[in-house]
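Student: Structure incoming, see below.
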There are 2 protein chains.
Amino acid sequence: MGEKSLYKFRVEPQEVDFTLRATLASLGSAILNTAGQDAYGKGFGVDVLNAENHSWVLSRMAIEIDRRPEQYTDYAIATWISDYGRVLSTRNFTLTDAAGHEFGRAVTQWAMIDLTSRTAVDLSWVGREHDDAVVPVPPPTEKPRKIRTVTPSRSVEHRVVYSDIDFNRHVNTMRYIEMMLDMLPLDLLTQEAPVRLDIHFLKECRFGQTLTVGCEERGQSALFEISGDGTTAAVRAQVEWRHE
Amino acid sequence: MGEKSLYKFRVEPQEVDFTLRATLASLGSAILNTAGQDAYGKGFGVDVLNAENHSWVLSRMAIEIDRRPEQYTDYAIATWISDYGRVLSTRNFTLTDAAGHEFGRAVTQWAMIDLTSRTAVDLSWVGREHDDAVVPVPPPTEKPRKIRTVTPSRSVEHRVVYSDIDFNRHVNTMRYIEMMLDMLPLDLLTQEAPVRLDIHFLKECRFGQTLTVGCEERGQSALFEISGDGTTAAVRAQVEWRHE
């Protein structure tokens, strides 16, 4: 049995929008950064996995942000793995401000892939070998939702360029989030309401592909579907603002 | 008289490309972040200036990177202001690895603007009031070059969206750098040769504008010109790789 790990952050000027509060994409990036650091520190990071021709791949993510922290604000992200299945491991996060109040949380589900076949491999060995990394605390909110259908009312095209891709030559998660949110009106993005983002990765998008980013507005929500080179969906997502 | 300030960084996974070394844009972002932190810590940051309806605006920047540091590598950025003129102040940077070897340097020139008229104001008072922030050490390399003419052989269009803009609602510097570099072939961007980037800001680009990003290849260099809504140049830049 392990303990939650705590990582400290500060909202830097390049992470805020003109309301001087951290963007949803930058908080998402900090969350994923925490996941990478924690796995790396515990000996099952991408560095170790790559030596075995394996890698972690994010399958689904849910992020809830109740209020976006202001520029130069200190905050902390606690992270823990609650369970390992054969195909998916669940890593959880809570975000707390300097006074210790929780202002956000996230649940992520990761698969392990073979880098040659790019298919999922059984990851139960990680749970056995790194049993001390599992913390018996349930996820802090509902697990990421599967998003089954999106019927876009409008779409934009985006050619995948150098600055979009990660160490795997695939579009990085933060850039997917930005592409989707960029389709929404500024007043929706900069409002103060609590927000939940569910994102579901089905296929990888690569350098040079032309992506179609479709958006459907449905009540308090916006739904998105991204596909590469005119094929089936690679990413689906839903953003929902909760007005109390 | 003051002393150089030192800020510590580590190359995070979201800052590397598939060569697992920090991108030029992410190093540029760390450099600008250092400038903001140092001005903030010394009492002449954007927070204080905004209260007077003023702000800092980056006018020109030169960055030289001899070798790009690898993922999870620690490095430090030292920064100091070498002089204040009436219109421009010069802030300098050196980047050193954990062993203390310099692997990069930058020179930036900043104007102070009135936020209402958006014109430059006399900033010599900063030099007088914050004399202790000036360090009598000359810039570590040639000051940013003025780039006078660019004759693009190809261009792309880019609509300015939410994720492009900063706290001032203008396109942020890192995004300009990305837009330009994204026009170049991957093998040029990921080679190991020392690189120098000069960037020269003439006008601000705003949310909703459609930018034209033009590129001219000239020997070992690539030159760029960005203009908004078909008007005159807003940004010009030159990237030069030095093969020894």
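Each chain in the structure tokens gets a letter, A, B, ..., in the order shown, and its residues are numbered from 1; ligands are numbered from 1 in order too.
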Name the residues in contact with stretch 98-100 of chain A at a cut-off of 6 Å, using only C-alpha atoms, excluding same-chain residues fewer than 2 positions from it; report them as a VMD selection string.

Tutor: chain A and resid 74 to 75 96

Student: Give me, as an mmCIF file with C-alpha atoms, in the first residue's frame, all polymer residues having an atom no more than 12 Å from B:Pro69, counting only C-alpha atoms and skipping those fewer than 4 positions away in the same chain.

Tutor:
```cif
data_model
loop_
_atom_site.group_PDB
_atom_site.id
_atom_site.type_symbol
_atom_site.label_atom_id
_atom_site.label_comp_id
_atom_site.auth_asym_id
_atom_site.auth_seq_id
_atom_site.Cartn_x
_atom_site.Cartn_y
_atom_site.Cartn_z
ATOM 1 C CA PHE B 9 14.113 24.809 -14.342
ATOM 2 C CA ARG B 10 13.751 21.206 -15.399
ATOM 3 C CA VAL B 11 12.859 20.030 -18.896
ATOM 4 C CA GLU B 12 9.356 18.593 -18.510
ATOM 5 C CA PRO B 13 7.900 15.904 -20.818
ATOM 6 C CA GLU B 15 8.386 20.547 -23.485
ATOM 7 C CA VAL B 16 10.277 18.016 -25.603
ATOM 8 C CA ASP B 17 9.869 16.877 -29.195
ATOM 9 C CA THR B 19 14.182 13.694 -30.077
ATOM 10 C CA LEU B 20 13.411 13.990 -26.312
ATOM 11 C CA ARG B 21 15.110 17.399 -26.205
ATOM 12 C CA ALA B 22 13.461 20.688 -25.241
ATOM 13 C CA THR B 23 11.898 22.573 -28.153
ATOM 14 C CA LEU B 24 13.158 26.047 -29.045
ATOM 15 C CA SER B 26 9.687 25.907 -24.750
ATOM 16 C CA LEU B 27 13.146 27.355 -23.992
ATOM 17 C CA ILE B 65 20.810 27.705 -28.141
ATOM 18 C CA THR B 73 17.455 17.671 -17.256
ATOM 19 C CA ASP B 74 17.917 20.412 -14.671
ATOM 20 C CA TYR B 75 19.114 23.784 -15.901
ATOM 21 C CA ALA B 76 19.277 27.345 -14.648
ATOM 22 C CA LEU B 95 21.265 29.244 -19.676
ATOM 23 C CA THR B 96 23.547 26.786 -17.914
ATOM 24 C CA ASP B 97 23.332 23.049 -17.342
ATOM 25 C CA ALA B 98 23.720 21.267 -13.982
ATOM 26 C CA HIS B 101 28.268 24.919 -18.658
ATOM 27 C CA GLU B 102 26.529 27.637 -20.642
ATOM 28 C CA PHE B 103 24.410 26.149 -23.434
ATOM 29 C CA GLY B 104 22.385 29.190 -24.425
ATOM 30 C CA GLU B 192 21.618 19.161 -33.327
#
```

Student: Taking into account only C-alpha atoms, which residue in the set B:Phe207, B:Trp125, B:Phe93, B:Phe167 is nearest to B:Gly28?

Tutor: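 Counting only C-alpha atoms, the residue closest to B:Gly28 is B:Phe93.
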
Student: Applying 9 Å and only C-alpha atoms, which residues near stretch 227-230 of chain B remain after dropping the ones on its own chain fewer than 3 positions away? List them as a ChimeraX atom specification.

Tutor: /B:203-206,209-214,233-236

Student: Which polymer residues have any atom within 7 Å of an atom of B:His54, counting only C-alpha atoms, with same-chain residues fewer than 2 positions away left out, as a VMD selection string?

Tutor: chain B and resid 49 to 50 52 112 to 115

Student: Pick out each residue of stretch 3-244 of chain A that DSSP on the backbone tags as strand (DSSP E); I need them as a PyMOL selection string.

Tutor: chain A and resi 5-10+54-65+74-84+89-97+102-114+120-121+154-159+195-201+210-218+221-228+233-241

Student: Convert the current residue selection to file output with C-alpha atoms, as a JSON list (two decimals), in the first residue's frame.

Tutor:
```
[["chain", "number", "residue", "atom", "x", "y", "z"],
["A", 5, "SER", "CA", 2.11, 11.89, -3.75],
["A", 6, "LEU", "CA", 1.95, 15.67, -3.61],
["A", 7, "TYR", "CA", 3.37, 17.99, -6.28],
["A", 8, "LYS", "CA", 3.50, 21.76, -5.97],
["A", 9, "PHE", "CA", 2.68, 24.20, -8.74],
["A", 10, "ARG", "CA", 2.28, 27.91, -9.26],
["A", 54, "HIS", "CA", 6.25, -0.39, -24.14],
["A", 55, "SER", "CA", 4.67, 2.95, -23.30],
["A", 56, "TRP", "CA", 1.75, 4.40, -21.33],
["A", 57, "VAL", "CA", -1.12, 5.75, -23.41],
["A", 58, "LEU", "CA", -3.90, 7.87, -21.97],
["A", 59, "SER", "CA", -7.25, 6.28, -22.78],
["A", 60, "ARG", "CA", -9.76, 8.49, -20.97],
["A", 61, "MET", "CA", -9.67, 11.51, -18.70],
["A", 62, "ALA", "CA", -12.22, 13.45, -16.67],
["A", 63, "ILE", "CA", -11.27, 16.82, -15.17],
["A", 64, "GLU", "CA", -13.47, 18.93, -12.90],
["A", 65, "ILE", "CA", -12.45, 22.49, -12.06],
["A", 74, "ASP", "CA", 0.35, 28.38, -5.43],
["A", 75, "TYR", "CA", -1.51, 25.11, -5.60],
["A", 76, "ALA", "CA", -0.83, 21.42, -5.12],
["A", 77, "ILE", "CA", -1.83, 18.29, -7.00],
["A", 78, "ALA", "CA", -2.12, 15.03, -5.08],
["A", 79, "THR", "CA", -2.07, 11.89, -7.18],
["A", 80, "TRP", "CA", -2.60, 8.21, -6.54],
["A", 81, "ILE", "CA", -3.31, 5.00, -8.42],
["A", 82, "SER", "CA", -6.46, 3.35, -7.09],
["A", 83, "ASP", "CA", -6.42, 0.18, -9.17],
["A", 84, "TYR", "CA", -4.74, -1.82, -11.93],
["A", 89, "SER", "CA", -4.98, 1.50, -14.62],
["A", 90, "THR", "CA", -6.79, 4.32, -12.84],
["A", 91, "ARG", "CA", -4.82, 7.34, -11.66],
["A", 92, "ASN", "CA", -6.59, 10.00, -9.61],
["A", 93, "PHE", "CA", -5.86, 13.62, -8.74],
["A", 94, "THR", "CA", -7.09, 16.33, -6.41],
["A", 95, "LEU", "CA", -6.12, 19.99, -6.78],
["A", 96, "THR", "CA", -5.98, 22.10, -3.63],
["A", 97, "ASP", "CA", -5.20, 25.76, -3.04],
["A", 102, "GLU", "CA", -10.00, 21.39, -3.00],
["A", 103, "PHE", "CA", -10.85, 23.29, -6.20],
["A", 104, "GLY", "CA", -10.55, 20.49, -8.74],
["A", 105, "ARG", "CA", -10.10, 16.78, -9.32],
["A", 106, "ALA", "CA", -9.41, 14.35, -12.12],
["A", 107, "VAL", "CA", -9.63, 10.67, -12.96],
["A", 108, "THR", "CA", -7.51, 9.20, -15.73],
["A", 109, "GLN", "CA", -7.35, 5.73, -17.24],
["A", 110, "TRP", "CA", -4.18, 4.50, -18.88],
["A", 111, "ALA", "CA", -3.39, 1.55, -21.12],
["A", 112, "MET", "CA", 0.04, 0.11, -21.77],
["A", 113, "ILE", "CA", 0.91, -0.45, -25.42],
["A", 114, "ASP", "CA", 3.57, -2.31, -27.32],
["A", 120, "ALA", "CA", -2.57, -2.89, -25.58],
["A", 121, "VAL", "CA", -0.57, -5.30, -23.45],
["A", 154, "ARG", "CA", -19.87, 22.99, -37.35],
["A", 155, "SER", "CA", -16.27, 21.97, -37.89],
["A", 156, "VAL", "CA", -12.78, 23.32, -38.58],
["A", 157, "GLU", "CA", -9.76, 21.69, -40.15],
["A", 158, "HIS", "CA", -6.35, 21.54, -38.56],
["A", 159, "ARG", "CA", -3.15, 20.24, -40.13],
["A", 195, "VAL", "CA", -16.67, 22.86, -15.46],
["A", 196, "ARG", "CA", -16.22, 19.16, -16.19],
["A", 197, "LEU", "CA", -14.28, 17.87, -19.22],
["A", 198, "ASP", "CA", -14.46, 14.24, -20.35],
["A", 199, "ILE", "CA", -12.09, 13.19, -23.09],
["A", 200, "HIS", "CA", -11.92, 9.80, -24.72],
["A", 201, "PHE", "CA", -9.05, 8.72, -26.99],
["A", 210, "THR", "CA", -5.36, 16.87, -41.52],
["A", 211, "LEU", "CA", -7.80, 16.73, -38.63],
["A", 212, "THR", "CA", -11.46, 17.64, -38.69],
["A", 213, "VAL", "CA", -12.63, 19.07, -35.36],
["A", 214, "GLY", "CA", -16.41, 18.97, -35.09],
["A", 215, "CYS", "CA", -18.47, 20.70, -32.40],
["A", 216, "GLU", "CA", -22.03, 20.12, -31.24],
["A", 217, "GLU", "CA", -23.68, 22.41, -28.69],
["A", 218, "ARG", "CA", -26.18, 20.51, -26.52],
["A", 221, "SER", "CA", -22.59, 21.16, -22.88],
["A", 222, "ALA", "CA", -20.36, 21.21, -25.91],
["A", 223, "LEU", "CA", -19.44, 17.90, -27.52],
["A", 224, "PHE", "CA", -16.52, 17.36, -29.84],
["A", 225, "GLU", "CA", -15.25, 14.76, -32.26],
["A", 226, "ILE", "CA", -11.85, 14.83, -33.92],
["A", 227, "SER", "CA", -10.98, 12.61, -36.83],
["A", 228, "GLY", "CA", -7.84, 12.35, -38.94],
["A", 233, "ALA", "CA", -13.30, 9.29, -34.71],
["A", 234, "ALA", "CA", -9.87, 9.57, -33.02],
["A", 235, "VAL", "CA", -11.00, 11.66, -30.03],
["A", 236, "ARG", "CA", -14.38, 12.48, -28.52],
["A", 237, "ALA", "CA", -14.96, 14.91, -25.70],
["A", 238, "GLN", "CA", -17.63, 16.71, -23.72],
["A", 239, "VAL", "CA", -17.35, 19.96, -21.76],
["A", 240, "GLU", "CA", -20.11, 20.79, -19.34],
["A", 241, "TRP", "CA", -20.52, 23.96, -17.29]]
```

Student: Determine which residues of stretch 95-166 of chain B receive a DSSP assignment of helix (DSSP H, G or I), computed from the backbone, and state them as a PyMOL selection string.

Tutor: chain B and resi 124-129+131-133+162-164

Student: Distance limit 10 Å, atoms considered: only C-alpha atoms. Which chain A residues sit that close to chain B? Return them as an NGL selection string.

Tutor: :A and (12-21 or 23 or 25-26 or 29-30 or 32-33 or 36-37 or 40 or 46 or 71-72 or 160-170 or 172-175 or 177-179 or 181-186 or 189-190 or 207)

Student: For atom CA of B:Pro140 and atom CA of B:Thr119, quote the distance in Å rounded to one decimal.

Tutor: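 Interatomic distance here is 29.2 Å.
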
Student: So what do you get for atom CA of A:Val126 versus atom CA of A:Val48, distance-wise?

Tutor: 11.8 Å

Student: Looking at only C-alpha atoms, which of A:Gly127, A:Pro138, A:Gly2, A:Gly85 is the one that sits closest to A:Phe44?

Tutor: A:Gly127

Student: What is the distance, in Å and to one decimal place, between atom CA of A:Thr232 and atom CA of A:Val150?

Tutor: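 Between these atoms lies a distance of 11.9 Å.
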
Student: Between A:Arg148, A:Arg67, A:Lys4, A:Lys143, which residue has the minimum interatomic distance to A:Pro194, considering only C-alpha atoms?

Tutor: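 Ranking A:Arg148, A:Arg67, A:Lys4, A:Lys143 by distance to A:Pro194, first place goes to A:Arg67.
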